[in-house]
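Before any comments, here is the structure.
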Amino acid sequence: MNSLVSAYQAFWTRAFDFSGRTRRIDFWLTVLVNLVVTIVLAIIAGFVDFLQILSGLFSFAVIIPSFSMVVRRLRDAGKEWPWLFILLVPFVGAIWLLVIYCAPSIPA
């Protein structure tokens, strides 16, 4: 539980930090928390119209922190940030990037 809290706290405090690294476990814990929060907000927003704004604001707020975390995770896996452009290759690019996200950290 402590690891989850520290990983999510680092996600927000390092929102504009494109240097350094993000460990695989921290990356996936943050992705999990963001996914759960997004799903819960979307479900609640389906019943309460006012919360649609909150759901949209959260989705907008995580764009830059997520991008910086992805850049740090790529670096931790031994790749540089331009590897994000692999997403432009239909279907195969997303799978390839997922494999990179799951790769173990390389020694510093």
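Each chain in the structure tokens gets a letter, A, B and so on, in the order shown; residues start at 1 in every chain, and ligands are counted from 1 in the order they appear.
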
Once DSSP has gone over the backbone, tell me which residues of chain A are in alpha helix (DSSP H), as a VMD selection string.
chain A and resid 2 to 13 24 to 47 51 to 61 63 to 76 92 to 102

Which residues are near range 56-66 of chain A? Cut-off 8 Å, only C-alpha atoms, ignore same chain within fewer than 5 positions. Put them as a count of residues only.
6

Need the shell around range 71-77 of chain A: protein/DNA/RNA residues with any atom at most 8 Å away, counting only C-alpha atoms. Skip same-chain ones fewer than 4 positions apart. Format as a list in words?
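Near range 71-77 of chain A, the qualifying residues are Phe18, Ser19, Gly20, Arg21, Thr22, Arg23, Arg24, Phe27, Phe67, Trp81, Trp83, Ile100, Tyr101, Ala103, Pro104, Ser105 and Ile106 of chain A.
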
Would you put the residues from that selection into a file with N, CA and C atoms, as a CSV table (one decimal), in the first residue's frame?
chain,number,residue,atom,x,y,z
A,18,PHE,N,10.8,15.5,-17.0
A,18,PHE,CA,11.0,14.6,-18.1
A,18,PHE,C,12.4,13.9,-18.1
A,19,SER,N,13.1,14.2,-17.0
A,19,SER,CA,14.4,13.5,-16.8
A,19,SER,C,14.3,12.4,-15.8
A,20,GLY,N,15.3,11.6,-15.7
A,20,GLY,CA,15.3,10.6,-14.7
A,20,GLY,C,14.6,9.3,-15.2
A,21,ARG,N,14.1,8.5,-14.3
A,21,ARG,CA,13.6,7.2,-14.6
A,21,ARG,C,12.3,7.0,-13.8
A,22,THR,N,11.5,6.1,-14.3
A,22,THR,CA,10.3,5.6,-13.5
A,22,THR,C,10.4,4.1,-13.6
A,23,ARG,N,10.4,3.5,-12.4
A,23,ARG,CA,10.5,2.0,-12.3
A,23,ARG,C,9.2,1.4,-12.9
A,24,ARG,N,9.3,0.2,-13.3
A,24,ARG,CA,8.2,-0.6,-13.9
A,24,ARG,C,7.0,-0.6,-12.9
A,27,PHE,N,5.3,2.7,-12.5
A,27,PHE,CA,4.5,3.0,-13.8
A,27,PHE,C,3.2,2.3,-13.8
A,67,PHE,N,2.4,11.8,-19.8
A,67,PHE,CA,3.4,11.9,-20.9
A,67,PHE,C,4.8,11.9,-20.3
A,81,TRP,N,13.0,8.9,-25.8
A,81,TRP,CA,11.6,9.4,-26.0
A,81,TRP,C,11.0,9.2,-27.4
A,83,TRP,N,10.9,6.9,-29.2
A,83,TRP,CA,10.2,5.6,-29.3
A,83,TRP,C,8.7,5.7,-29.2
A,100,ILE,N,7.7,-2.7,-24.4
A,100,ILE,CA,8.7,-1.9,-23.8
A,100,ILE,C,8.4,-1.5,-22.4
A,101,TYR,N,7.1,-1.1,-22.2
A,101,TYR,CA,6.6,-0.7,-20.8
A,101,TYR,C,6.8,-1.9,-19.8
A,103,ALA,N,9.2,-4.2,-20.0
A,103,ALA,CA,10.6,-4.6,-20.0
A,103,ALA,C,11.2,-4.2,-18.6
A,104,PRO,N,12.2,-5.0,-18.2
A,104,PRO,CA,12.8,-4.7,-16.9
A,104,PRO,C,13.7,-3.5,-17.0
A,105,SER,N,14.0,-2.9,-15.9
A,105,SER,CA,14.9,-1.7,-15.9
A,105,SER,C,16.3,-2.1,-16.3
A,106,ILE,N,17.0,-1.2,-17.0
A,106,ILE,CA,18.4,-1.5,-17.3
A,106,ILE,C,19.2,-0.8,-16.2

Separation of CA of Met69 in chain A from CA of Leu29 in chain A, in Å and rounded to one decimal
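CA of Leu29 in chain A lies at a distance of 11.8 Å from CA of Met69 in chain A.
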
Calculate how many Å separate CA of Pro107 in chain A from CA of Ser6 in chain A, rounding to one decimal.
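Going from CA of Pro107 in chain A over to CA of Ser6 in chain A covers 21.9 Å.
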